[in-house]
file input.pdb (PDB, C-alpha atoms)
MODEL        1
ATOM      1  CA  MET A 178     132.935  61.409  53.397
ATOM      2  CA  THR A 179     135.052  64.530  52.963
ATOM      3  CA  SER A 180     136.213  66.320  56.096
ATOM      4  CA  LYS A 181     134.408  69.371  57.388
ATOM      5  CA  LEU A 182     137.454  71.447  56.421
ATOM      6  CA  GLU A 183     137.122  70.355  52.788
ATOM      7  CA  GLN A 184     133.382  71.047  52.883
ATOM      8  CA  LEU A 185     134.072  74.476  54.360
ATOM      9  CA  ARG A 186     136.550  75.241  51.588
ATOM     10  CA  ALA A 187     133.786  74.610  49.039
ATOM     11  CA  MET A 188     131.719  77.499  50.419
ATOM     12  CA  THR A 189     134.213  79.811  52.203
ATOM     13  CA  THR A 190     137.759  81.011  51.513
ATOM     14  CA  VAL A 191     139.875  79.567  54.333
ATOM     15  CA  VAL A 192     142.638  81.773  55.757
ATOM     16  CA  ALA A 193     145.314  80.694  58.248
ATOM     17  CA  ASP A 194     145.658  82.877  61.329
ATOM     18  CA  THR A 195     149.305  82.036  61.968
ATOM     19  CA  GLY A 196     152.957  82.620  61.181
ATOM     20  CA  ASP A 197     153.697  78.898  61.558
ATOM     21  CA  ILE A 198     155.361  78.021  58.254
ATOM     22  CA  GLU A 199     155.027  74.270  58.750
ATOM     23  CA  ALA A 200     151.322  74.523  59.574
ATOM     24  CA  VAL A 201     150.637  76.694  56.526
ATOM     25  CA  ALA A 202     152.503  74.268  54.241
ATOM     26  CA  ARG A 203     150.528  71.344  55.688
ATOM     27  CA  LEU A 204     147.047  72.886  55.794
ATOM     28  CA  LYS A 205     147.242  74.859  52.517
ATOM     29  CA  PRO A 206     145.052  77.917  53.246
ATOM     30  CA  VAL A 207     144.371  80.444  50.475
ATOM     31  CA  ASP A 208     145.518  83.472  52.510
ATOM     32  CA  CYS A 209     147.447  84.168  55.713
ATOM     33  CA  THR A 210     146.940  86.874  58.281
ATOM     34  CA  THR A 211     149.462  88.024  60.870
ATOM     35  CA  ASN A 212     149.648  90.433  63.779
ATOM     36  CA  PRO A 213     152.447  91.440  66.212
ATOM     37  CA  THR A 214     151.655  88.448  68.453
ATOM     38  CA  ILE A 215     151.977  86.013  65.548
ATOM     39  CA  VAL A 216     155.143  87.686  64.201
ATOM     40  CA  LEU A 217     156.793  87.573  67.637
ATOM     41  CA  LYS A 218     155.949  83.870  68.011
ATOM     42  CA  ALA A 219     157.216  83.036  64.498
ATOM     43  CA  LEU A 220     160.527  84.804  65.101
ATOM     44  CA  GLY A 221     161.083  82.672  68.206
ATOM     45  CA  THR A 222     161.235  79.482  66.117
ATOM     46  CA  PRO A 223     164.407  77.962  64.596
ATOM     47  CA  LEU A 224     162.995  78.474  61.086
ATOM     48  CA  PHE A 225     163.491  82.232  61.403
ATOM     49  CA  ALA A 226     166.886  82.216  63.173
ATOM     50  CA  ASP A 227     168.734  83.260  60.003
ATOM     51  CA  THR A 228     166.102  85.900  59.269
ATOM     52  CA  VAL A 229     166.565  87.469  62.699
ATOM     53  CA  ALA A 230     170.362  87.402  62.342
ATOM     54  CA  GLU A 231     170.165  89.070  58.908
ATOM     55  CA  ALA A 232     167.845  91.811  60.149
ATOM     56  CA  LEU A 233     170.117  92.529  63.110
ATOM     57  CA  ARG A 234     173.172  92.800  60.844
ATOM     58  CA  TRP A 235     171.197  95.110  58.600
ATOM     59  CA  GLY A 236     170.163  97.201  61.603
ATOM     60  CA  GLN A 237     173.774  97.571  62.735
ATOM     61  CA  SER A 238     174.615  99.068  59.338
ATOM     62  CA  GLN A 239     171.893 101.709  59.527
ATOM     63  CA  GLY A 240     172.434 105.257  60.681
ATOM     64  CA  GLY A 241     170.079 107.404  62.710
ATOM     65  CA  ASN A 242     168.901 107.280  66.292
ATOM     66  CA  ARG A 243     168.629 103.973  68.116
ATOM     67  CA  GLU A 244     164.854 104.088  68.479
ATOM     68  CA  GLY A 245     164.483 104.567  64.713
ATOM     69  CA  VAL A 246     166.851 101.691  63.969
ATOM     70  CA  ILE A 247     164.963  99.351  66.320
ATOM     71  CA  ALA A 248     161.637 100.254  64.680
ATOM     72  CA  ALA A 249     163.137  99.713  61.222
ATOM     73  CA  VAL A 250     164.467  96.274  62.188
ATOM     74  CA  ALA A 251     161.045  95.346  63.614
ATOM     75  CA  ASP A 252     159.438  96.354  60.309
ATOM     76  CA  ARG A 253     162.006  94.337  58.363
ATOM     77  CA  LEU A 254     161.287  91.254  60.451
ATOM     78  CA  ALA A 255     157.527  91.580  60.016
ATOM     79  CA  ILE A 256     158.008  91.840  56.249
ATOM     80  CA  SER A 257     160.301  88.795  56.330
ATOM     81  CA  VAL A 258     157.620  86.703  58.036
ATOM     82  CA  GLY A 259     155.027  87.942  55.542
ATOM     83  CA  ALA A 260     157.348  87.241  52.593
ATOM     84  CA  ALA A 261     157.934  83.668  53.803
ATOM     85  CA  LEU A 262     154.189  83.108  54.114
ATOM     86  CA  SER A 263     153.571  84.587  50.643
ATOM     87  CA  GLU A 264     155.670  81.772  49.160
ATOM     88  CA  LEU A 265     153.251  79.207  50.591
ATOM     89  CA  VAL A 266     149.820  80.677  49.865
ATOM     90  CA  PRO A 267     148.340  81.597  46.484
ATOM     91  CA  GLY A 268     146.420  84.573  47.865
ATOM     92  CA  ARG A 269     147.037  87.450  50.231
ATOM     93  CA  VAL A 270     149.150  88.029  53.318
ATOM     94  CA  SER A 271     147.962  90.638  55.836
ATOM     95  CA  THR A 272     150.649  92.759  57.504
ATOM     96  CA  GLU A 273     149.771  95.035  60.394
ATOM     97  CA  VAL A 274     150.369  98.748  60.822
ATOM     98  CA  ASP A 275     151.897  99.445  64.259
ATOM     99  CA  ALA A 276     149.232  99.378  66.970
ATOM    100  CA  ASP A 277     150.608 102.579  68.506
ATOM    101  CA  LEU A 278     149.541 104.389  65.304
ATOM    102  CA  SER A 279     145.891 103.394  65.721
ATOM    103  CA  PHE A 280     144.799 106.977  66.412
ATOM    104  CA  ASP A 281     147.103 108.686  63.874
ATOM    105  CA  THR A 282     145.645 108.733  60.359
ATOM    106  CA  GLU A 283     148.607 110.330  58.561
ATOM    107  CA  ALA A 284     151.207 108.109  60.236
ATOM    108  CA  SER A 285     149.107 105.025  59.427
ATOM    109  CA  ILE A 286     148.921 106.052  55.768
ATOM    110  CA  GLU A 287     152.698 106.504  55.617
ATOM    111  CA  LYS A 288     153.294 103.162  57.334
ATOM    112  CA  GLY A 289     150.937 101.407  54.928
ATOM    113  CA  ARG A 290     152.776 102.865  51.942
ATOM    114  CA  ALA A 291     156.128 101.879  53.463
ATOM    115  CA  ILE A 292     154.987  98.281  53.993
ATOM    116  CA  ILE A 293     153.916  97.987  50.353
ATOM    117  CA  LYS A 294     157.216  99.514  49.183
ATOM    118  CA  ALA A 295     159.174  97.030  51.321
ATOM    119  CA  TYR A 296     157.288  94.082  49.842
ATOM    120  CA  GLU A 297     157.724  95.407  46.309
ATOM    121  CA  ALA A 298     161.491  95.672  46.941
ATOM    122  CA  ARG A 299     161.395  91.894  47.498
ATOM    123  CA  GLY A 300     159.453  91.302  44.307
ATOM    124  CA  ILE A 301     156.088  90.851  46.023
ATOM    125  CA  GLY A 302     153.364  92.966  44.414
ATOM    126  CA  ARG A 303     150.727  94.918  46.282
ATOM    127  CA  GLU A 304     148.075  92.591  44.878
ATOM    128  CA  ARG A 305     149.450  89.915  47.260
ATOM    129  CA  ILE A 306     149.324  92.083  50.407
ATOM    130  CA  LEU A 307     146.651  93.491  52.695
ATOM    131  CA  ILE A 308     147.522  96.371  54.997
ATOM    132  CA  LYS A 309     146.000  95.598  58.380
ATOM    133  CA  LEU A 310     144.652  98.545  60.401
ATOM    134  CA  ALA A 311     142.680  98.779  63.629
ATOM    135  CA  SER A 312     139.034  99.752  63.052
ATOM    136  CA  THR A 313     139.312 103.073  64.864
ATOM    137  CA  TRP A 314     137.873 106.128  63.141
ATOM    138  CA  GLU A 315     141.453 107.184  62.328
ATOM    139  CA  GLY A 316     142.397 103.740  61.025
ATOM    140  CA  ILE A 317     139.332 103.676  58.783
ATOM    141  CA  ARG A 318     140.200 107.096  57.368
ATOM    142  CA  ALA A 319     143.736 105.847  56.619
ATOM    143  CA  ALA A 320     142.258 102.841  54.810
ATOM    144  CA  GLU A 321     140.073 105.163  52.737
ATOM    145  CA  VAL A 322     143.170 106.985  51.437
ATOM    146  CA  LEU A 323     145.182 103.809  50.858
ATOM    147  CA  GLN A 324     142.340 102.119  48.993
ATOM    148  CA  LYS A 325     142.170 105.063  46.569
ATOM    149  CA  GLU A 326     145.895 104.516  45.923
ATOM    150  CA  GLY A 327     145.312 100.888  45.010
ATOM    151  CA  ILE A 328     146.516  99.530  48.368
ATOM    152  CA  ASP A 329     143.985  97.038  49.721
ATOM    153  CA  CYS A 330     143.268  97.045  53.445
ATOM    154  CA  ASN A 331     142.132  94.613  56.131
ATOM    155  CA  LEU A 332     140.318  96.413  58.967
ATOM    156  CA  THR A 333     140.827  94.413  62.144
ATOM    157  CA  LEU A 334     139.718  94.578  65.793
ATOM    158  CA  LEU A 335     136.143  94.996  64.610
ATOM    159  CA  PHE A 336     133.415  94.346  67.181
ATOM    160  CA  ASN A 337     130.521  96.598  66.250
ATOM    161  CA  LYS A 338     128.179  97.305  63.316
ATOM    162  CA  ALA A 339     129.138 101.004  63.302
ATOM    163  CA  GLN A 340     132.750  99.971  62.629
ATOM    164  CA  ALA A 341     131.609  97.637  59.846
ATOM    165  CA  ILE A 342     129.469 100.287  58.157
ATOM    166  CA  ALA A 343     132.210 102.934  58.358
ATOM    167  CA  CYS A 344     134.702 100.453  56.858
ATOM    168  CA  ALA A 345     132.348  99.724  53.972
ATOM    169  CA  ASP A 346     131.741 103.441  53.370
ATOM    170  CA  ALA A 347     135.533 103.923  53.217
ATOM    171  CA  GLY A 348     135.817 101.266  50.508
ATOM    172  CA  ALA A 349     137.835  98.823  52.621
ATOM    173  CA  PHE A 350     138.751  95.633  50.779
ATOM    174  CA  LEU A 351     138.118  93.405  53.806
ATOM    175  CA  ILE A 352     137.027  93.486  57.440
ATOM    176  CA  SER A 353     137.914  91.060  60.248
ATOM    177  CA  PRO A 354     135.070  90.964  62.799
ATOM    178  CA  PHE A 355     136.265  89.154  65.933
ATOM    179  CA  VAL A 356     134.000  86.312  67.034
ATOM    180  CA  GLY A 357     135.747  84.749  70.025
ATOM    181  CA  ARG A 358     136.657  87.992  71.760
ATOM    182  CA  ILE A 359     133.020  89.094  71.632
ATOM    183  CA  LEU A 360     132.032  85.769  73.194
ATOM    184  CA  ASP A 361     134.726  86.155  75.875
ATOM    185  CA  TRP A 362     133.295  89.500  76.956
ATOM    186  CA  HIS A 363     129.707  88.245  77.182
ATOM    187  CA  VAL A 364     130.671  85.075  79.060
ATOM    188  CA  LYS A 365     132.599  87.157  81.594
ATOM    189  CA  ALA A 366     129.832  89.761  81.895
ATOM    190  CA  SER A 367     126.921  87.329  82.189
ATOM    191  CA  GLY A 368     128.426  84.098  83.503
ATOM    192  CA  LYS A 369     126.332  82.259  80.897
ATOM    193  CA  THR A 370     127.325  79.457  78.549
ATOM    194  CA  PHE A 371     126.341  79.996  74.915
ATOM    195  CA  THR A 372     125.675  77.480  72.156
ATOM    196  CA  ALA A 373     127.124  78.227  68.714
ATOM    197  CA  GLU A 374     123.708  79.461  67.547
ATOM    198  CA  GLU A 375     123.405  81.790  70.574
ATOM    199  CA  ASP A 376     127.038  82.943  70.458
ATOM    200  CA  PRO A 377     127.084  86.789  70.473
ATOM    201  CA  GLY A 378     130.186  86.800  68.242
ATOM    202  CA  VAL A 379     128.522  84.563  65.675
ATOM    203  CA  LEU A 380     125.355  86.684  65.745
ATOM    204  CA  SER A 381     127.427  89.863  65.286
ATOM    205  CA  VAL A 382     129.122  88.536  62.143
ATOM    206  CA  ARG A 383     125.824  87.267  60.756
ATOM    207  CA  ALA A 384     124.279  90.728  61.252
ATOM    208  CA  ILE A 385     127.211  92.400  59.457
ATOM    209  CA  TYR A 386     127.009  89.846  56.638
ATOM    210  CA  ASP A 387     123.273  90.535  56.249
ATOM    211  CA  TYR A 388     123.876  94.287  56.164
ATOM    212  CA  TYR A 389     126.613  94.035  53.550
ATOM    213  CA  LYS A 390     124.861  91.599  51.231
ATOM    214  CA  SER A 391     121.456  93.261  51.403
ATOM    215  CA  ASN A 392     123.014  96.636  50.540
ATOM    216  CA  GLY A 393     125.279  95.445  47.720
ATOM    217  CA  ILE A 394     128.493  96.165  49.651
ATOM    218  CA  LYS A 395     131.585  94.566  48.082
ATOM    219  CA  THR A 396     133.789  94.669  51.197
ATOM    220  CA  ILE A 397     134.726  91.101  52.158
ATOM    221  CA  VAL A 398     133.579  89.784  55.552
ATOM    222  CA  MET A 399     136.257  87.583  57.157
ATOM    223  CA  GLY A 400     135.273  86.166  60.532
ATOM    224  CA  ALA A 401     138.233  85.934  62.926
ATOM    225  CA  SER A 402     139.239  85.035  66.490
ATOM    226  CA  PHE A 403     137.500  81.702  66.982
ATOM    227  CA  ARG A 404     137.244  79.760  70.222
ATOM    228  CA  SER A 405     135.779  76.540  68.808
ATOM    229  CA  THR A 406     134.935  74.711  65.608
ATOM    230  CA  GLY A 407     131.284  75.224  66.547
ATOM    231  CA  GLU A 408     131.650  78.968  65.953
ATOM    232  CA  ILE A 409     133.282  78.288  62.594
ATOM    233  CA  GLU A 410     130.560  75.869  61.522
ATOM    234  CA  ALA A 411     127.921  78.435  62.539
ATOM    235  CA  LEU A 412     129.476  80.856  60.007
ATOM    236  CA  ALA A 413     129.960  78.378  57.156
ATOM    237  CA  GLY A 414     129.414  80.286  53.921
ATOM    238  CA  CYS A 415     130.882  83.574  55.177
ATOM    239  CA  ASP A 416     133.118  85.184  52.529
ATOM    240  CA  ARG A 417     136.293  84.229  54.396
ATOM    241  CA  LEU A 418     137.208  82.801  57.785
ATOM    242  CA  THR A 419     140.673  83.128  59.343
ATOM    243  CA  ILE A 420     141.341  80.126  61.557
ATOM    244  CA  SER A 421     144.161  78.984  63.849
ATOM    245  CA  PRO A 422     146.120  75.815  62.908
ATOM    246  CA  GLN A 423     144.672  73.966  65.927
ATOM    247  CA  LEU A 424     141.086  74.530  64.798
ATOM    248  CA  LEU A 425     141.983  73.827  61.157
ATOM    249  CA  GLU A 426     143.377  70.481  62.282
ATOM    250  CA  GLU A 427     140.181  69.724  64.216
ATOM    251  CA  LEU A 428     138.037  70.519  61.175
ATOM    252  CA  ASP A 429     140.300  68.405  58.989
ATOM    253  CA  LYS A 430     139.692  65.402  61.257
ATOM    254  CA  ALA A 431     135.960  66.036  61.688
ATOM    255  CA  GLU A 432     133.450  64.093  59.604
ATOM    256  CA  GLY A 433     129.754  64.599  58.986
ATOM    257  CA  THR A 434     127.781  67.039  56.868
ATOM    258  CA  LEU A 435     128.597  70.729  57.181
ATOM    259  CA  GLU A 436     125.490  72.853  56.691
ATOM    260  CA  ARG A 437     125.855  76.197  54.931
ATOM    261  CA  LYS A 438     124.665  78.934  57.303
ATOM    262  CA  LEU A 439     125.354  82.133  55.319
ATOM    263  CA  SER A 440     124.523  82.841  51.695
ATOM    264  CA  PRO A 441     123.879  86.057  49.732
ATOM    265  CA  GLU A 442     120.590  84.535  48.557
ATOM    266  CA  THR A 443     119.163  83.993  52.043
ATOM    267  CA  VAL A 444     120.165  87.129  53.976
ATOM    268  CA  ASN A 445     117.818  89.096  56.193
ATOM    269  CA  ARG A 446     117.231  92.415  54.442
ATOM    270  CA  VAL A 447     118.591  95.447  56.336
ATOM    271  CA  ALA A 448     118.102  99.122  55.472
ATOM    272  CA  PRO A 449     121.248 101.240  55.014
ATOM    273  CA  ILE A 450     122.446 103.385  57.922
ATOM    274  CA  LYS A 451     124.407 106.629  57.587
ATOM    275  CA  VAL A 452     127.469 106.616  59.866
ATOM    276  CA  ASP A 453     129.433 109.850  60.113
ATOM    277  CA  GLU A 454     132.140 110.480  62.723
ATOM    278  CA  LYS A 455     129.681 111.651  65.374
ATOM    279  CA  THR A 456     127.430 108.619  64.873
ATOM    280  CA  PHE A 457     130.401 106.246  64.793
ATOM    281  CA  ARG A 458     131.812 107.493  68.066
ATOM    282  CA  TRP A 459     128.415 107.500  69.773
ATOM    283  CA  MET A 460     127.495 103.976  68.634
ATOM    284  CA  LEU A 461     130.886 102.712  69.778
ATOM    285  CA  ASN A 462     130.555 104.536  73.102
ATOM    286  CA  GLU A 463     127.130 102.981  73.711
ATOM    287  CA  ASP A 464     128.522  99.493  73.117
ATOM    288  CA  ALA A 465     130.544  98.641  76.230
ATOM    289  CA  MET A 466     131.792  95.362  74.753
ATOM    290  CA  ALA A 467     133.098  96.955  71.543
ATOM    291  CA  THR A 468     134.658  99.888  73.376
ATOM    292  CA  GLU A 469     136.481  97.649  75.837
ATOM    293  CA  LYS A 470     137.598  94.985  73.343
ATOM    294  CA  LEU A 471     138.860  97.525  70.806
ATOM    295  CA  SER A 472     140.978  99.278  73.435
ATOM    296  CA  GLU A 473     142.150  95.980  74.911
ATOM    297  CA  GLY A 474     143.117  94.646  71.473
ATOM    298  CA  ILE A 475     145.153  97.727  70.605
ATOM    299  CA  ARG A 476     146.944  97.533  73.968
ATOM    300  CA  ALA A 477     147.720  93.828  73.473
ATOM    301  CA  PHE A 478     149.150  94.329  69.980
ATOM    302  CA  ALA A 479     151.131  97.344  71.196
ATOM    303  CA  LYS A 480     152.515  95.251  74.066
ATOM    304  CA  ASP A 481     153.727  92.538  71.686
ATOM    305  CA  LEU A 482     155.182  95.148  69.360
ATOM    306  CA  GLY A 483     157.014  96.548  72.389
ATOM    307  CA  ALA A 484     158.281  93.051  73.246
ATOM    308  CA  LEU A 485     159.585  92.627  69.696
ATOM    309  CA  ARG A 486     161.380  95.971  69.845
ATOM    310  CA  ALA A 487     162.831  95.119  73.281
ATOM    311  CA  MET A 488     164.174  91.844  71.881
ATOM    312  CA  ILE A 489     165.798  93.712  68.996
ATOM    313  CA  ASP A 490     167.298  96.296  71.356
ATOM    314  CA  LYS A 491     168.778  93.540  73.519
ATOM    315  CA  GLU A 492     170.261  91.700  70.537
ATOM    316  CA  LEU A 493     171.725  94.863  69.028
ATOM    317  CA  LYS A 494     173.379  95.708  72.351
ATOM    318  CA  ALA A 495     174.796  92.176  72.607
ATOM    319  CA  ALA A 496     176.258  92.415  69.104
ATOM    320  CA  ALA A 497     177.771  95.879  69.618
TER     321      ALA A 497
ENDMDL
END
call {"tool": "encode", "arguments": {"input": "input.pdb", "output": "structure tokens"}}
result
Amino acid sequence: MTSKLEQLRAMTTVVADTGDIEAVARLKPVDCTTNPTIVLKALGTPLFADTVAEALRWGQSQGGNREGVIAAVADRLAISVGAALSELVPGRVSTEVDADLSFDTEASIEKGRAIIKAYEARGIGRERILIKLASTWEGIRAAEVLQKEGIDCNLTLLFNKAQAIACADAGAFLISPFVGRILDWHVKASGKTFTAEEDPGVLSVRAIYDYYKSNGIKTIVMGASFRSTGEIEALAGCDRLTISPQLLEELDKAEGTLERKLSPETVNRVAPIKVDEKTFRWMLNEDAMATEKLSEGIRAFAKDLGALRAMIDKELKAAA
């Protein structure tokens, strides 16, 4: 009997939600996705000691104000982690636009272009990279521009159908609806325990999948932020699923038949909905969970980005 991970791979593209080089080499996902939390954790391992030292030396040689140098070194380190991961996976690596740009369309566009340019300088083509943006109205508008320039985008921190529809209308390559964080909110709000089939995060992704497939939308649905293998199994058949090494390991050891839950042939038909800026903001406002988790997610990524920059500042001062 093949493992549930192997069965999952037969129906869903498996993505690793990690910067752990050893785990990626061992588990062999198709793609990798990172965020500031993952980058910060990866840079704290011995494998990236030389990478950190090189980036700091490079930073010392740069002119300009200190804040600009620190930001540039942080960008260089994020690209270094992504470049290392790109050597291990055959598909895409997602690299995140700074969380503190989540409400600045023009700055997000410029950052996305700069990330692609930095990868291309290392011989890594844009076809191997996804620019990761928060699913704010401004982030979605940035993705719309980048997509037209041939730069594919991953819209993250997605909790709500309005976000998903706006992303599709913008021509986003991929969305990352968050399963576990939706569950977290509902467990805290209700005090209830949910089965995988009742899980609000699972139901949210299934609803988005139905909407996309029944309306011929090409944007890829990649479920993210899982709390258990049960959630993953409940979304078997989704276009892609990005999974932590711990849960990948559990699936690799699990036996038994994995039932396909999502398929383009069996979706519930859903009529198209028009989502302009006014509708988007109202639908988000009326969804307390999505409003809170989007804001919380941006703050958390911004905090880890700040921690990375503080580490760089400290090291640059020590080397001066």
call {"tool": "resolve_selection", "arguments": {"input": "input.pdb", "expression": "the PyMOL selection byres ((chain A and resi 372-387) around 8)", "output": "PyMOL selection string"}}
result
chain A and resi 336-338+341+354-360+363+370-371+388-391+398+400+407-408+411-412+415+439+441+444-447
call {"tool": "closest_residue", "arguments": {"input": "input.pdb", "among": "A:Glu287, A:Asp194, A:Glu321, A:Glu183", "to": "Pro213 (chain A)", "atoms": "all atoms listed in the file"}}
result
A:Asp194
call {"tool": "resolve_selection", "arguments": {"input": "input.pdb", "expression": "the PyMOL selection byres ((chain A and resi 303) around 9)", "output": "mmCIF file with C-alpha atoms, keeping the file's coordinate frame"}}
result
data_model
loop_
_atom_site.group_PDB
_atom_site.id
_atom_site.type_symbol
_atom_site.label_atom_id
_atom_site.label_comp_id
_atom_site.auth_asym_id
_atom_site.auth_seq_id
_atom_site.Cartn_x
_atom_site.Cartn_y
_atom_site.Cartn_z
ATOM 1 C CA ILE A 293 153.916 97.987 50.353
ATOM 2 C CA LYS A 294 157.216 99.514 49.183
ATOM 3 C CA TYR A 296 157.288 94.082 49.842
ATOM 4 C CA GLU A 297 157.724 95.407 46.309
ATOM 5 C CA ILE A 301 156.088 90.851 46.023
ATOM 6 C CA GLY A 302 153.364 92.966 44.414
ATOM 7 C CA GLU A 304 148.075 92.591 44.878
ATOM 8 C CA ARG A 305 149.450 89.915 47.260
ATOM 9 C CA ILE A 306 149.324 92.083 50.407
ATOM 10 C CA LEU A 307 146.651 93.491 52.695
ATOM 11 C CA GLY A 327 145.312 100.888 45.010
ATOM 12 C CA ILE A 328 146.516 99.530 48.368
ATOM 13 C CA ASP A 329 143.985 97.038 49.721
#
call {"tool": "resolve_selection", "arguments": {"input": "input.pdb", "expression": "the PyMOL selection byres ((chain A and resi 396) around 12)", "output": "number ranges by chain"}}
result
A: 324, 329-332, 341-353, 385-386, 388-390, 392-395, 397-399, 416-417
call {"tool": "write_last_selection", "arguments": {"input": "input.pdb", "atoms": "C-alpha atoms", "output": "JSON list (two decimals), in the coordinates of the input"}}
result
[["chain", "number", "residue", "atom", "x", "y", "z"],
["A", 324, "GLN", "CA", 142.34, 102.12, 48.99],
["A", 329, "ASP", "CA", 143.99, 97.04, 49.72],
["A", 330, "CYS", "CA", 143.27, 97.04, 53.44],
["A", 331, "ASN", "CA", 142.13, 94.61, 56.13],
["A", 332, "LEU", "CA", 140.32, 96.41, 58.97],
["A", 341, "ALA", "CA", 131.61, 97.64, 59.85],
["A", 342, "ILE", "CA", 129.47, 100.29, 58.16],
["A", 343, "ALA", "CA", 132.21, 102.93, 58.36],
["A", 344, "CYS", "CA", 134.70, 100.45, 56.86],
["A", 345, "ALA", "CA", 132.35, 99.72, 53.97],
["A", 346, "ASP", "CA", 131.74, 103.44, 53.37],
["A", 347, "ALA", "CA", 135.53, 103.92, 53.22],
["A", 348, "GLY", "CA", 135.82, 101.27, 50.51],
["A", 349, "ALA", "CA", 137.84, 98.82, 52.62],
["A", 350, "PHE", "CA", 138.75, 95.63, 50.78],
["A", 351, "LEU", "CA", 138.12, 93.40, 53.81],
["A", 352, "ILE", "CA", 137.03, 93.49, 57.44],
["A", 353, "SER", "CA", 137.91, 91.06, 60.25],
["A", 385, "ILE", "CA", 127.21, 92.40, 59.46],
["A", 386, "TYR", "CA", 127.01, 89.85, 56.64],
["A", 388, "TYR", "CA", 123.88, 94.29, 56.16],
["A", 389, "TYR", "CA", 126.61, 94.04, 53.55],
["A", 390, "LYS", "CA", 124.86, 91.60, 51.23],
["A", 392, "ASN", "CA", 123.01, 96.64, 50.54],
["A", 393, "GLY", "CA", 125.28, 95.44, 47.72],
["A", 394, "ILE", "CA", 128.49, 96.16, 49.65],
["A", 395, "LYS", "CA", 131.58, 94.57, 48.08],
["A", 397, "ILE", "CA", 134.73, 91.10, 52.16],
["A", 398, "VAL", "CA", 133.58, 89.78, 55.55],
["A", 399, "MET", "CA", 136.26, 87.58, 57.16],
["A", 416, "ASP", "CA", 133.12, 85.18, 52.53],
["A", 417, "ARG", "CA", 136.29, 84.23, 54.40]]
call {"tool": "residues_around", "arguments": {"input": "input.pdb", "residues": "Val201 (chain A)", "least_positions_apart": "6", "cutoff": "12 Å", "atoms": "all atoms listed in the file", "output": "MDAnalysis selection string"}}
result
chainID A and resid 191:195 207:210 261:267 270 420:423 425:426
call {"tool": "residues_around", "arguments": {"input": "input.pdb", "residues": "Ile215 (chain A)", "least_positions_apart": "2", "cutoff": "10 Å", "atoms": "all atoms listed in the file", "output": "ChimeraX atom specification"}}
result
/A:194-197,210-213,217-220,255,258,478,481
call {"tool": "closest_residue", "arguments": {"input": "input.pdb", "among": "A:Phe280, A:Val216, A:Gly259, A:Asp275", "to": "Ala479 (chain A)", "atoms": "only C-alpha atoms"}}
result
A:Asp275
call {"tool": "closest_residue", "arguments": {"input": "input.pdb", "among": "A:Leu424, A:Leu461, A:Val274, A:Ile247", "to": "Leu204 (chain A)", "atoms": "all atoms listed in the file"}}
result
A:Leu424
call {"tool": "atom_distance", "arguments": {"input": "input.pdb", "atom1": "CA of Glu427 (chain A)", "atom2": "CA of Ile198 (chain A)"}}
result
18.3 Å
call {"tool": "atom_distance", "arguments": {"input": "input.pdb", "atom1": "CA of Trp314 (chain A)", "atom2": "CA of Ala251 (chain A)"}}
result
25.6 Å
call {"tool": "closest_residue", "arguments": {"input": "input.pdb", "among": "A:Leu471, A:Ile286, A:Ala298, A:Leu435", "to": "Gly414 (chain A)", "atoms": "all atoms listed in the file"}}
result
A:Leu435
